[in-house]
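Notes to accompany the following structure.
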Amino acid sequence: MLIFGWGPFPRLGVAGAGLAVVIYYLIATVVLIGYLTSARSGLRLPLDFRLIEKRLLADILRVGGLSAVGTIQANLTVILVTGAVGLFGTDAIAGYGIASRLDYILVPLLFALGTAALTMVGTNFGAGQVRRAERIAWIAALFGAGITELIGLAVAVFPQGWLTLFSTDPACLPRARSICARSVHSTGWSDSGCCFISPGKAPVVWCGRFLQALHGS
């Protein structure tokens, strides 16, 4: 409605898409908080900040803090790079947008793998089998890296098959092909990163977006 205009809503074009996403998340957040604080919710959320225990909050942040920072960094990078590319014109930002969609499509694959890996890592760590938990984490990371790297290499070698799914505009395709040739061949390693277990500190420390998916799931 905000992109093309409908009824009382103005025609905002691309800006309308961004505004629609912001409005959606604001409404969804308000509805969710309203439900959690209502009597219908099985788990009541008391809006009393005095109930927050610093010890428990520290435990949560020690495990999930790195994942949270990584998620913010990844999305902030996309925003900043998109803004920078936009300075070179519509064709450049269209080409960048098409090429960069591959990364976001790979994320659900990593989340799916991460869900299974997190269960196995948590179970073994809880049972005191730290070595086995570490081995599972490394295998999952390398497996995720291998799968996403193969996909990235396929797109780097045959970019036309991916790019033409979104556009056949001769003005933006050369730029999109250039981005694919320069960046997507390293998709696997940039997405999966590395992992290790530190028994004396946080139970599991994950580096990279794949291992963010392990914590996020």
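Within each chain, counting starts at residue 1; across the structure tokens, chains are named A, B, ... in the order shown, with ligands numbered 1 upward in that order.
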
Find the spatial neighbours of Gly95 (chain A), counting only C-alpha atoms, within a cut-off of 10 Å - ignore same-chain residues fewer than 6 positions away - and output them as a ChimeraX atom specification. /A:85,163,166-167,169,171-180

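Closest approach to Ala94 (chain A) among A:Phe158, A:Gly16, A:Ala112, A:Thr82 is made by A:Thr82 (distances from only C-alpha atoms).
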
Quick one: everything within 12 Å of Ala181 (chain A), counting only C-alpha atoms, minus sequence neighbours fewer than 5 positions away in the same chain. Send it as a ChimeraX atom specification. /A:99-100,152-160,174-176,186-187

Excluding same-chain residues fewer than 4 positions from Arg44 (chain A), what lies within 12 Å of it counting only C-alpha atoms, as a tab-separated table (two decimals) with N, CA, C and O atoms, in the first residue's frame?
chain	number	residue	atom	x	y	z
A	32	LEU	N	2.65	-8.12	20.91
A	32	LEU	CA	3.29	-9.19	21.67
A	32	LEU	C	3.42	-8.83	23.15
A	32	LEU	O	3.11	-9.65	24.03
A	33	ILE	N	3.87	-7.61	23.42
A	33	ILE	CA	4.00	-7.18	24.82
A	33	ILE	C	2.63	-7.14	25.49
A	33	ILE	O	2.48	-7.55	26.65
A	34	GLY	N	1.63	-6.66	24.76
A	34	GLY	CA	0.28	-6.63	25.30
A	34	GLY	C	-0.24	-8.00	25.65
A	34	GLY	O	-0.87	-8.21	26.71
A	35	TYR	N	0.04	-8.98	24.80
A	35	TYR	CA	-0.41	-10.34	25.07
A	35	TYR	C	0.32	-10.95	26.26
A	35	TYR	O	-0.28	-11.59	27.14
A	36	LEU	N	1.64	-10.76	26.32
A	36	LEU	CA	2.44	-11.35	27.40
A	36	LEU	C	2.10	-10.75	28.77
A	36	LEU	O	2.32	-11.39	29.80
A	37	THR	N	1.58	-9.54	28.77
A	37	THR	CA	1.22	-8.91	30.05
A	37	THR	C	-0.25	-9.11	30.40
A	37	THR	O	-0.70	-8.65	31.44
A	38	SER	N	-0.99	-9.79	29.53
A	38	SER	CA	-2.42	-9.99	29.78
A	38	SER	C	-2.65	-11.29	30.55
A	38	SER	O	-1.76	-12.13	30.68
A	39	ALA	N	-3.88	-11.46	31.02
A	39	ALA	CA	-4.23	-12.66	31.78
A	39	ALA	C	-4.34	-13.89	30.89
A	39	ALA	O	-4.32	-15.02	31.38
A	40	ARG	N	-4.44	-13.72	29.58
A	40	ARG	CA	-4.57	-14.85	28.66
A	40	ARG	C	-3.25	-15.57	28.43
A	40	ARG	O	-3.23	-16.70	27.97
A	48	ASP	N	8.08	-4.94	35.63
A	48	ASP	CA	8.70	-4.40	36.84
A	48	ASP	C	10.20	-4.65	36.76
A	48	ASP	O	10.67	-5.78	36.94

Could you give me, as a PyMOL selection string, each residue of chain A that DSSP assigns to helix (DSSP H, G or I) when run on this structure's backbone? chain A and resi 14-36+49-51+54-86+90-126+130-157+159-163+173-192+209-216

Would you kindly return, as a PyMOL selection string, each protein, DNA or RNA residue with an atom no farther than 6 Å from any atom of Leu2 (chain A), considering only C-alpha atoms and excluding same-chain residues fewer than 3 positions away? chain A and resi 5+11-12+16

Kindly give the distance, in Å, that separates CA of Thr77 (chain A) and CA of Asp103 (chain A), rounded to a single decimal.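 According to the coordinates, CA of Thr77 (chain A) and CA of Asp103 (chain A) are separated by 12.8 Å.
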
Pick out the closest residue to Phe111 (chain A) from this set: A:Gly144, A:Gly7, A:Gly97, A:Gly42. Count only C-alpha atoms.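 Of A:Gly144, A:Gly7, A:Gly97, A:Gly42, the one nearest Phe111 (chain A), counting only C-alpha atoms, is A:Gly144.
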